[in-house]
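J.: Got input.cif for you, mmCIF, N, CA and C atoms:
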data_input
loop_
_atom_site.label_atom_id
_atom_site.label_comp_id
_atom_site.auth_asym_id
_atom_site.auth_seq_id
_atom_site.Cartn_x
_atom_site.Cartn_y
_atom_site.Cartn_z
N MET A 1 0.83 -1.18 0.00
CA MET A 1 0.00 0.00 0.00
C MET A 1 0.88 1.24 0.00
N ARG A 2 0.62 2.13 -0.91
CA ARG A 2 1.42 3.35 -1.06
C ARG A 2 0.97 4.41 -0.05
N ALA A 3 1.94 5.07 0.57
CA ALA A 3 1.63 6.13 1.54
C ALA A 3 1.07 7.35 0.83
N GLN A 4 0.21 8.07 1.54
CA GLN A 4 -0.32 9.31 1.00
C GLN A 4 0.81 10.32 0.81
N PRO A 5 0.69 11.16 -0.21
CA PRO A 5 1.69 12.21 -0.39
C PRO A 5 1.71 13.18 0.80
N ARG A 6 2.88 13.76 1.04
CA ARG A 6 3.04 14.75 2.11
C ARG A 6 3.02 16.15 1.51
N PHE A 7 2.53 17.10 2.30
CA PHE A 7 2.44 18.49 1.87
C PHE A 7 2.92 19.40 3.00
N LEU A 8 3.78 20.34 2.65
CA LEU A 8 4.24 21.34 3.59
C LEU A 8 3.29 22.52 3.52
N ALA A 9 2.72 22.89 4.66
CA ALA A 9 1.84 24.04 4.74
C ALA A 9 2.52 25.11 5.58
N ILE A 10 2.61 26.30 5.03
CA ILE A 10 3.23 27.42 5.75
C ILE A 10 2.22 28.55 5.83
N PHE A 11 1.85 28.89 7.05
CA PHE A 11 0.95 30.02 7.26
C PHE A 11 1.73 31.31 7.06
N THR A 12 1.07 32.29 6.47
CA THR A 12 1.71 33.56 6.19
C THR A 12 1.01 34.69 6.93
N MET A 13 1.78 35.74 7.17
CA MET A 13 1.25 36.92 7.84
C MET A 13 1.98 38.15 7.30
N ASP A 14 1.22 39.10 6.83
CA ASP A 14 1.79 40.37 6.40
C ASP A 14 1.96 41.23 7.66
N LYS A 15 3.20 41.37 8.10
CA LYS A 15 3.45 42.07 9.35
C LYS A 15 3.20 43.57 9.25
N ALA A 16 2.85 44.04 8.06
CA ALA A 16 2.43 45.45 7.89
C ALA A 16 0.95 45.51 7.50
N GLY A 17 0.28 44.36 7.46
CA GLY A 17 -1.10 44.28 7.01
C GLY A 17 -2.11 44.58 8.10
N PRO A 18 -3.38 44.69 7.71
CA PRO A 18 -4.43 45.07 8.65
C PRO A 18 -4.69 44.06 9.78
N LYS A 19 -4.59 42.77 9.50
CA LYS A 19 -4.83 41.78 10.57
C LYS A 19 -3.76 41.87 11.66
N PHE A 20 -2.51 42.03 11.23
CA PHE A 20 -1.43 42.13 12.21
C PHE A 20 -1.50 43.46 12.96
N ARG A 21 -1.82 44.55 12.24
CA ARG A 21 -1.97 45.84 12.91
C ARG A 21 -3.07 45.78 13.97
N ALA A 22 -4.19 45.11 13.64
CA ALA A 22 -5.29 44.98 14.61
C ALA A 22 -4.83 44.17 15.82
N TRP A 23 -4.04 43.12 15.59
CA TRP A 23 -3.51 42.32 16.69
C TRP A 23 -2.63 43.18 17.59
N LYS A 24 -1.73 43.94 16.98
CA LYS A 24 -0.80 44.77 17.75
C LYS A 24 -1.52 45.91 18.47
N ALA A 25 -2.70 46.30 17.99
CA ALA A 25 -3.47 47.37 18.63
C ALA A 25 -4.17 46.88 19.90
N MET A 26 -4.27 45.58 20.09
CA MET A 26 -4.89 45.03 21.30
C MET A 26 -3.99 45.29 22.51
N THR A 27 -4.60 45.34 23.65
CA THR A 27 -3.81 45.44 24.89
C THR A 27 -3.13 44.09 25.12
N PRO A 28 -2.09 44.07 25.94
CA PRO A 28 -1.45 42.78 26.26
C PRO A 28 -2.45 41.77 26.83
N ALA A 29 -3.38 42.21 27.64
CA ALA A 29 -4.39 41.29 28.21
C ALA A 29 -5.30 40.74 27.12
N GLU A 30 -5.69 41.59 26.17
CA GLU A 30 -6.53 41.14 25.06
C GLU A 30 -5.77 40.14 24.18
N GLN A 31 -4.50 40.43 23.92
CA GLN A 31 -3.67 39.50 23.13
C GLN A 31 -3.55 38.16 23.85
N ALA A 32 -3.32 38.19 25.14
CA ALA A 32 -3.16 36.95 25.91
C ALA A 32 -4.45 36.13 25.88
N ALA A 33 -5.58 36.78 26.04
CA ALA A 33 -6.87 36.07 26.01
C ALA A 33 -7.11 35.48 24.63
N ARG A 34 -6.81 36.25 23.59
CA ARG A 34 -6.99 35.76 22.22
C ARG A 34 -6.05 34.61 21.93
N ALA A 35 -4.80 34.73 22.41
CA ALA A 35 -3.82 33.66 22.21
C ALA A 35 -4.26 32.38 22.91
N GLU A 36 -4.80 32.51 24.11
CA GLU A 36 -5.28 31.33 24.85
C GLU A 36 -6.39 30.64 24.06
N GLU A 37 -7.32 31.44 23.55
CA GLU A 37 -8.41 30.91 22.72
C GLU A 37 -7.83 30.24 21.46
N GLY A 38 -6.86 30.90 20.84
CA GLY A 38 -6.26 30.38 19.62
C GLY A 38 -5.51 29.08 19.83
N VAL A 39 -4.74 28.99 20.91
CA VAL A 39 -3.98 27.77 21.20
C VAL A 39 -4.94 26.60 21.41
N ALA A 40 -6.01 26.84 22.15
CA ALA A 40 -7.01 25.78 22.37
C ALA A 40 -7.63 25.35 21.04
N ALA A 41 -7.92 26.31 20.19
CA ALA A 41 -8.53 26.00 18.89
C ALA A 41 -7.56 25.24 17.98
N VAL A 42 -6.28 25.61 18.01
CA VAL A 42 -5.27 24.89 17.21
C VAL A 42 -5.16 23.45 17.71
N LYS A 43 -5.14 23.26 19.03
CA LYS A 43 -5.06 21.90 19.59
C LYS A 43 -6.29 21.08 19.17
N ALA A 44 -7.45 21.71 19.14
CA ALA A 44 -8.66 21.01 18.69
C ALA A 44 -8.57 20.67 17.21
N TRP A 45 -8.04 21.58 16.40
CA TRP A 45 -7.85 21.31 14.96
C TRP A 45 -6.89 20.14 14.79
N GLU A 46 -5.79 20.16 15.53
CA GLU A 46 -4.81 19.07 15.45
C GLU A 46 -5.43 17.73 15.85
N ALA A 47 -6.25 17.72 16.88
CA ALA A 47 -6.91 16.48 17.31
C ALA A 47 -7.87 16.00 16.23
N ALA A 48 -8.60 16.91 15.62
CA ALA A 48 -9.57 16.54 14.58
C ALA A 48 -8.88 16.04 13.32
N HIS A 49 -7.64 16.46 13.08
CA HIS A 49 -6.92 16.10 11.85
C HIS A 49 -5.70 15.22 12.14
N ARG A 50 -5.65 14.59 13.31
CA ARG A 50 -4.45 13.85 13.71
C ARG A 50 -4.06 12.77 12.69
N ASP A 51 -5.03 12.18 12.01
CA ASP A 51 -4.69 11.15 11.03
C ASP A 51 -4.05 11.73 9.77
N SER A 52 -4.18 13.04 9.56
CA SER A 52 -3.60 13.70 8.38
C SER A 52 -2.29 14.40 8.68
N ILE A 53 -1.96 14.57 9.95
CA ILE A 53 -0.75 15.31 10.31
C ILE A 53 0.46 14.38 10.33
N ALA A 54 1.43 14.68 9.46
CA ALA A 54 2.68 13.91 9.42
C ALA A 54 3.71 14.48 10.38
N TYR A 55 3.68 15.80 10.57
CA TYR A 55 4.59 16.48 11.49
C TYR A 55 3.90 17.75 11.95
N VAL A 56 3.75 17.92 13.26
CA VAL A 56 3.00 19.05 13.81
C VAL A 56 3.65 20.38 13.47
N GLY A 57 4.97 20.45 13.41
CA GLY A 57 5.63 21.71 13.10
C GLY A 57 5.52 22.69 14.24
N GLY A 58 5.34 23.97 13.91
CA GLY A 58 5.22 24.99 14.94
C GLY A 58 5.52 26.37 14.41
N PRO A 59 5.57 27.34 15.33
CA PRO A 59 5.85 28.73 14.94
C PRO A 59 7.28 28.88 14.43
N LEU A 60 7.47 29.85 13.56
CA LEU A 60 8.79 30.14 13.01
C LEU A 60 9.30 31.45 13.61
N GLY A 61 10.57 31.50 13.94
CA GLY A 61 11.15 32.67 14.57
C GLY A 61 11.82 33.60 13.58
N PRO A 62 12.63 34.53 14.08
CA PRO A 62 13.32 35.49 13.22
C PRO A 62 14.19 34.77 12.19
N THR A 63 14.33 35.41 11.04
CA THR A 63 15.01 34.79 9.90
C THR A 63 16.36 35.43 9.62
N LEU A 64 17.36 34.59 9.41
CA LEU A 64 18.66 35.02 8.88
C LEU A 64 18.78 34.46 7.48
N ARG A 65 19.32 35.25 6.57
CA ARG A 65 19.47 34.83 5.18
C ARG A 65 20.96 34.81 4.83
N LEU A 66 21.37 33.70 4.24
CA LEU A 66 22.73 33.55 3.71
C LEU A 66 22.64 33.71 2.21
N ASP A 67 23.35 34.68 1.65
CA ASP A 67 23.29 34.84 0.19
C ASP A 67 24.42 34.07 -0.48
N ASP A 68 24.41 34.07 -1.80
CA ASP A 68 25.38 33.26 -2.55
C ASP A 68 26.81 33.78 -2.42
N ALA A 69 27.00 34.97 -1.86
CA ALA A 69 28.34 35.50 -1.62
C ALA A 69 28.81 35.20 -0.20
N GLY A 70 27.96 34.54 0.59
CA GLY A 70 28.33 34.18 1.95
C GLY A 70 27.95 35.20 3.01
N ALA A 71 27.27 36.26 2.61
CA ALA A 71 26.86 37.28 3.58
C ALA A 71 25.60 36.83 4.32
N VAL A 72 25.56 37.09 5.62
CA VAL A 72 24.41 36.76 6.46
C VAL A 72 23.75 38.06 6.88
N ALA A 73 22.43 38.10 6.73
CA ALA A 73 21.70 39.30 7.12
C ALA A 73 20.33 38.92 7.67
N GLU A 74 19.83 39.75 8.60
CA GLU A 74 18.47 39.57 9.08
C GLU A 74 17.52 39.93 7.95
N THR A 75 16.40 39.22 7.87
CA THR A 75 15.40 39.53 6.86
C THR A 75 14.02 39.29 7.45
N VAL A 76 13.04 39.93 6.88
CA VAL A 76 11.66 39.75 7.30
C VAL A 76 10.91 39.11 6.15
N ASN A 77 10.15 38.06 6.45
CA ASN A 77 9.33 37.43 5.43
C ASN A 77 7.94 37.19 6.01
N ARG A 78 7.08 36.58 5.23
CA ARG A 78 5.70 36.34 5.65
C ARG A 78 5.51 34.98 6.33
N LEU A 79 6.56 34.18 6.42
CA LEU A 79 6.45 32.82 6.95
C LEU A 79 6.28 32.86 8.47
N THR A 80 5.25 32.17 8.99
CA THR A 80 4.89 32.32 10.38
C THR A 80 4.82 31.00 11.15
N VAL A 81 4.15 30.00 10.59
CA VAL A 81 3.92 28.72 11.25
C VAL A 81 3.96 27.65 10.16
N PHE A 82 4.44 26.44 10.48
CA PHE A 82 4.42 25.37 9.49
C PHE A 82 3.91 24.08 10.06
N VAL A 83 3.39 23.23 9.18
CA VAL A 83 2.93 21.88 9.53
C VAL A 83 3.07 21.03 8.27
N VAL A 84 3.29 19.75 8.45
CA VAL A 84 3.34 18.81 7.31
C VAL A 84 2.14 17.88 7.45
N VAL A 85 1.36 17.78 6.37
CA VAL A 85 0.18 16.92 6.38
C VAL A 85 0.26 15.88 5.28
N ARG A 86 -0.58 14.87 5.40
CA ARG A 86 -0.74 13.86 4.35
C ARG A 86 -2.15 14.00 3.81
N ALA A 87 -2.28 13.87 2.50
CA ALA A 87 -3.60 13.96 1.86
C ALA A 87 -3.54 13.22 0.53
N ASP A 88 -4.71 12.88 0.01
CA ASP A 88 -4.78 12.16 -1.26
C ASP A 88 -4.42 13.04 -2.45
N SER A 89 -4.58 14.36 -2.30
CA SER A 89 -4.28 15.27 -3.41
C SER A 89 -3.86 16.63 -2.86
N HIS A 90 -3.28 17.43 -3.73
CA HIS A 90 -2.87 18.79 -3.37
C HIS A 90 -4.10 19.59 -2.92
N GLN A 91 -5.18 19.49 -3.68
CA GLN A 91 -6.42 20.21 -3.36
C GLN A 91 -6.96 19.77 -2.00
N ALA A 92 -6.92 18.48 -1.73
CA ALA A 92 -7.40 17.97 -0.43
C ALA A 92 -6.53 18.50 0.70
N ALA A 93 -5.23 18.59 0.46
CA ALA A 93 -4.32 19.12 1.48
C ALA A 93 -4.65 20.58 1.78
N VAL A 94 -4.88 21.36 0.75
CA VAL A 94 -5.23 22.77 0.94
C VAL A 94 -6.51 22.90 1.74
N ARG A 95 -7.50 22.10 1.41
CA ARG A 95 -8.82 22.19 2.04
C ARG A 95 -8.80 21.79 3.52
N LEU A 96 -7.76 21.07 3.95
CA LEU A 96 -7.64 20.75 5.38
C LEU A 96 -7.59 22.03 6.23
N PHE A 97 -7.17 23.13 5.63
CA PHE A 97 -6.94 24.37 6.37
C PHE A 97 -8.09 25.37 6.29
N ASP A 98 -9.20 25.00 5.66
CA ASP A 98 -10.37 25.88 5.65
C ASP A 98 -10.75 26.20 7.09
N GLY A 99 -10.88 27.46 7.43
CA GLY A 99 -11.31 27.87 8.76
C GLY A 99 -10.31 27.62 9.87
N HIS A 100 -9.05 27.41 9.52
CA HIS A 100 -8.02 27.11 10.53
C HIS A 100 -7.87 28.29 11.50
N PRO A 101 -7.67 28.00 12.79
CA PRO A 101 -7.55 29.06 13.80
C PRO A 101 -6.42 30.06 13.55
N HIS A 102 -5.36 29.67 12.84
CA HIS A 102 -4.30 30.64 12.56
C HIS A 102 -4.82 31.79 11.71
N MET A 103 -5.88 31.53 10.94
CA MET A 103 -6.44 32.59 10.10
C MET A 103 -7.73 33.18 10.66
N THR A 104 -8.39 32.46 11.56
CA THR A 104 -9.66 32.97 12.10
C THR A 104 -9.50 33.62 13.48
N ILE A 105 -8.48 33.21 14.23
CA ILE A 105 -8.26 33.77 15.57
C ILE A 105 -6.94 34.54 15.61
N PHE A 106 -5.88 33.92 15.13
CA PHE A 106 -4.58 34.58 15.05
C PHE A 106 -4.53 35.42 13.76
N PRO A 107 -3.54 36.31 13.62
CA PRO A 107 -3.53 37.22 12.47
C PRO A 107 -2.89 36.71 11.18
N CYS A 108 -2.80 35.40 10.98
CA CYS A 108 -2.29 34.91 9.69
C CYS A 108 -3.31 35.25 8.60
N ASP A 109 -2.80 35.52 7.41
CA ASP A 109 -3.69 35.92 6.32
C ASP A 109 -3.77 34.90 5.19
N GLY A 110 -3.11 33.77 5.36
CA GLY A 110 -3.18 32.73 4.34
C GLY A 110 -2.33 31.54 4.74
N VAL A 111 -2.41 30.50 3.91
CA VAL A 111 -1.56 29.33 4.10
C VAL A 111 -1.14 28.86 2.72
N GLU A 112 0.15 28.66 2.53
CA GLU A 112 0.69 28.16 1.27
C GLU A 112 0.99 26.68 1.45
N VAL A 113 0.47 25.86 0.55
CA VAL A 113 0.58 24.41 0.67
C VAL A 113 1.28 23.88 -0.58
N MET A 114 2.34 23.11 -0.35
CA MET A 114 3.10 22.58 -1.48
C MET A 114 3.48 21.12 -1.23
N PRO A 115 3.55 20.32 -2.29
CA PRO A 115 3.95 18.93 -2.11
C PRO A 115 5.40 18.83 -1.66
N VAL A 116 5.66 17.85 -0.81
CA VAL A 116 7.04 17.51 -0.43
C VAL A 116 7.47 16.43 -1.41
N LEU A 117 8.45 16.72 -2.21
CA LEU A 117 8.89 15.80 -3.25
C LEU A 117 9.99 14.89 -2.73
N GLY A 118 10.02 13.68 -3.15
CA GLY A 118 11.05 12.74 -2.73
C GLY A 118 10.71 12.08 -1.42
N ASP A 119 11.67 11.33 -0.89
CA ASP A 119 11.46 10.57 0.34
C ASP A 119 11.58 11.41 1.58
#
Written as structure tokens, how would this file's structure read?
T.:
Amino acid sequence: MRAQPRFLAIFTMDKAGPKFRAWKAMTPAEQAARAEEGVAAVKAWEAAHRDSIAYVGGPLGPTLRLDDAGAVAETVNRLTVFVVVRADSHQAAVRLFDGHPHMTIFPCDGVEVMPVLGD
């Protein structure tokens, strides 16, 4: 029996966009309450999709970029959280994230889903 294909899903957030600005406009207490709600919702999503999750992943921190000349520099990108899932198709993998708490409670504005090629 052949294993289902794996897909890397990366949640994105425009750190200059309206959802992130609204998050930053909250008081620390409001952010903490929202984060508590969000963490519980993510755990519930993970439990509901446990058979599809190949690797839980997690939040991504600050980024350093190494260029082809060997220079290292801090950079800002939209990459925020990642998870690896299994699904029968690319479309099915994308649809696993409909209504995901990272986009409905936390300030992520999308999720990019791509096949993991090779072993």
J.: With 8 Å as the threshold, what does the neighbourhood of (-6.1, 35.8, 18.6) contain in terms of residues, counting all atoms listed in the file? Coordinates are those of the file; answer as a list of chain:residue names.
T.: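 Protein, DNA and RNA residues close to (-6.1, 35.8, 18.6): A:Trp23, A:Glu30, A:Gln31, A:Ala32, A:Ala33, A:Arg34, A:Ala35, A:Glu36, A:Glu37, A:Gly38, A:Val39, A:Pro101, A:Thr104, A:Ile105, A:Phe106, A:Pro107.
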J.: Just the number, please: distance in Å from atom C of Val76 in chain A to atom N of Lys15 in chain A, one decimal.
T.: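 Computed distance, atom C of Val76 in chain A to atom N of Lys15 in chain A, equals 8.3 Å.
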J.: So, with all atoms listed in the file as the atoms that count, which of A:Val116, A:Ala16, A:Ala44, A:Val83 lies closest to Gly58 in chain A?
T.: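 For Gly58 in chain A, the nearest of the given residues is A:Val83.
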J.: As JSON, what would the box around range 36-40 of chain A look like: edges along x, y and z, 3 Å added on every side, centre and edge lengths in Å to one decimal?
T.:
{"center_x": -6.2, "center_y": 28.9, "center_z": 22.2, "size_x": 10.4, "size_y": 13.2, "size_z": 11.2}
J.: Using only C-alpha atoms, can you tell me which of A:Ala47, A:Ala54, A:Cys108, A:Ala41 comes closest to Phe7 in chain A?
T.: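 The shortest atom-to-atom distance to Phe7 in chain A comes from A:Ala54.
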J.: Mind checking which residues fall within 6 Å of Gly57 in chain A, counting all atoms listed in the file, ignoring those fewer than 2 positions away in the same chain, and posting them as a PyMOL selection string?
T.: chain A and resi 55+59+82-84
J.: Quick check on the file I pasted: which residues fall under the PyMOL selection byres ((chain A and resi 53) around 8)? Write them as an mmCIF file with N, CA and C atoms, keeping the file's coordinate frame.
T.:
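Result file result38.cif:
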data_model
loop_
_atom_site.group_PDB
_atom_site.id
_atom_site.type_symbol
_atom_site.label_atom_id
_atom_site.label_comp_id
_atom_site.auth_asym_id
_atom_site.auth_seq_id
_atom_site.Cartn_x
_atom_site.Cartn_y
_atom_site.Cartn_z
ATOM 1 N N GLU A 46 -5.790 20.160 15.530
ATOM 2 C CA GLU A 46 -4.810 19.070 15.450
ATOM 3 C C GLU A 46 -5.430 17.730 15.850
ATOM 4 N N ALA A 48 -8.600 16.910 15.620
ATOM 5 C CA ALA A 48 -9.570 16.540 14.580
ATOM 6 C C ALA A 48 -8.880 16.040 13.320
ATOM 7 N N HIS A 49 -7.640 16.460 13.080
ATOM 8 C CA HIS A 49 -6.920 16.100 11.850
ATOM 9 C C HIS A 49 -5.700 15.220 12.140
ATOM 10 N N ARG A 50 -5.650 14.590 13.310
ATOM 11 C CA ARG A 50 -4.450 13.850 13.710
ATOM 12 C C ARG A 50 -4.060 12.770 12.690
ATOM 13 N N ASP A 51 -5.030 12.180 12.010
ATOM 14 C CA ASP A 51 -4.690 11.150 11.030
ATOM 15 C C ASP A 51 -4.050 11.730 9.770
ATOM 16 N N SER A 52 -4.180 13.040 9.560
ATOM 17 C CA SER A 52 -3.600 13.700 8.380
ATOM 18 C C SER A 52 -2.290 14.400 8.680
ATOM 19 N N ALA A 54 1.430 14.680 9.460
ATOM 20 C CA ALA A 54 2.680 13.910 9.420
ATOM 21 C C ALA A 54 3.710 14.480 10.380
ATOM 22 N N TYR A 55 3.680 15.800 10.570
ATOM 23 C CA TYR A 55 4.590 16.480 11.490
ATOM 24 C C TYR A 55 3.900 17.750 11.950
ATOM 25 N N VAL A 56 3.750 17.920 13.260
ATOM 26 C CA VAL A 56 3.000 19.050 13.810
ATOM 27 C C VAL A 56 3.650 20.380 13.470
ATOM 28 N N VAL A 83 3.390 23.230 9.180
ATOM 29 C CA VAL A 83 2.930 21.880 9.530
ATOM 30 C C VAL A 83 3.070 21.030 8.270
ATOM 31 N N VAL A 84 3.290 19.750 8.450
ATOM 32 C CA VAL A 84 3.340 18.810 7.310
ATOM 33 C C VAL A 84 2.140 17.880 7.450
ATOM 34 N N VAL A 85 1.360 17.780 6.370
ATOM 35 C CA VAL A 85 0.180 16.920 6.380
ATOM 36 C C VAL A 85 0.260 15.880 5.280
ATOM 37 N N ARG A 86 -0.580 14.870 5.400
ATOM 38 C CA ARG A 86 -0.740 13.860 4.350
ATOM 39 C C ARG A 86 -2.150 14.000 3.810
ATOM 40 N N ALA A 87 -2.280 13.870 2.500
ATOM 41 C CA ALA A 87 -3.600 13.960 1.860
ATOM 42 C C ALA A 87 -3.540 13.220 0.530
#
J.: Using only N, CA and C atoms, give me every residue within 8 Å of (6.8, 16.9, 0.1) in file coordinates, as JSON, numbers by chain.
T.: {"A": [5, 6, 7, 8, 114, 115, 116, 117, 118, 119]}
J.: Could you jot down the atom N of Asp14 in chain A to CA of Arg78 in chain A separation for me, Å, one decimal place?
T.: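 Calculated distance between atom N of Asp14 in chain A and CA of Arg78 in chain A is 5.4 Å.
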J.: Which distance in Å separates atom C of Pro18 in chain A and atom C of Asp109 in chain A, to one decimal?
T.: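 Computed distance, atom C of Pro18 in chain A to atom C of Asp109 in chain A, equals 10.3 Å.
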J.: Kindly indicate which residue among A:Met26, A:Trp45, A:Ala3, A:Ala73 lies nearest to Phe97 in chain A, using only C-alpha atoms for the distances.
T.: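 Smallest distance to Phe97 in chain A is found for A:Trp45.
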J.: Per DSSP on the backbone, filter chain A down to the residues in strand (DSSP E) and report them as a PyMOL selection string.
T.: chain A and resi 6-12+53-59+63-66+72-75+79-86+110-115
J.: So which residues get picked by the PyMOL selection byres (((chain A and resi 11 and name CA) around 6) and name CA) here, written as a PDB file with N, CA and C atoms, in the coordinates of the input?
T.:
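File written: selection_8.pdb
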ATOM      1  N   ILE A  10       2.610  26.300   5.030  1.00  0.00           N
ATOM      2  CA  ILE A  10       3.230  27.420   5.750  1.00  0.00           C
ATOM      3  C   ILE A  10       2.220  28.550   5.830  1.00  0.00           C
ATOM      4  N   THR A  12       1.070  32.290   6.470  1.00  0.00           N
ATOM      5  CA  THR A  12       1.710  33.560   6.190  1.00  0.00           C
ATOM      6  C   THR A  12       1.010  34.690   6.930  1.00  0.00           C
ATOM      7  N   THR A  80       5.250  32.170   8.990  1.00  0.00           N
ATOM      8  CA  THR A  80       4.890  32.320  10.380  1.00  0.00           C
ATOM      9  C   THR A  80       4.820  31.000  11.150  1.00  0.00           C
ATOM     10  N   VAL A  81       4.150  30.000  10.590  1.00  0.00           N
ATOM     11  CA  VAL A  81       3.920  28.720  11.250  1.00  0.00           C
ATOM     12  C   VAL A  81       3.960  27.650  10.160  1.00  0.00           C
ATOM     13  N   GLY A 110      -3.110  33.770   5.360  1.00  0.00           N
ATOM     14  CA  GLY A 110      -3.180  32.730   4.340  1.00  0.00           C
ATOM     15  C   GLY A 110      -2.330  31.540   4.740  1.00  0.00           C
ATOM     16  N   VAL A 111      -2.410  30.500   3.910  1.00  0.00           N
ATOM     17  CA  VAL A 111      -1.560  29.330   4.100  1.00  0.00           C
ATOM     18  C   VAL A 111      -1.140  28.860   2.720  1.00  0.00           C
TER      19      VAL A 111
END
J.: Determine the nearest neighbour of Asn77 in chain A from the options A:Gln4, A:Thr27, A:Thr63, A:Gln91, counting all atoms listed in the file.
T.: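 Checking each candidate against Asn77 in chain A, we get A:Thr63 as the closest.
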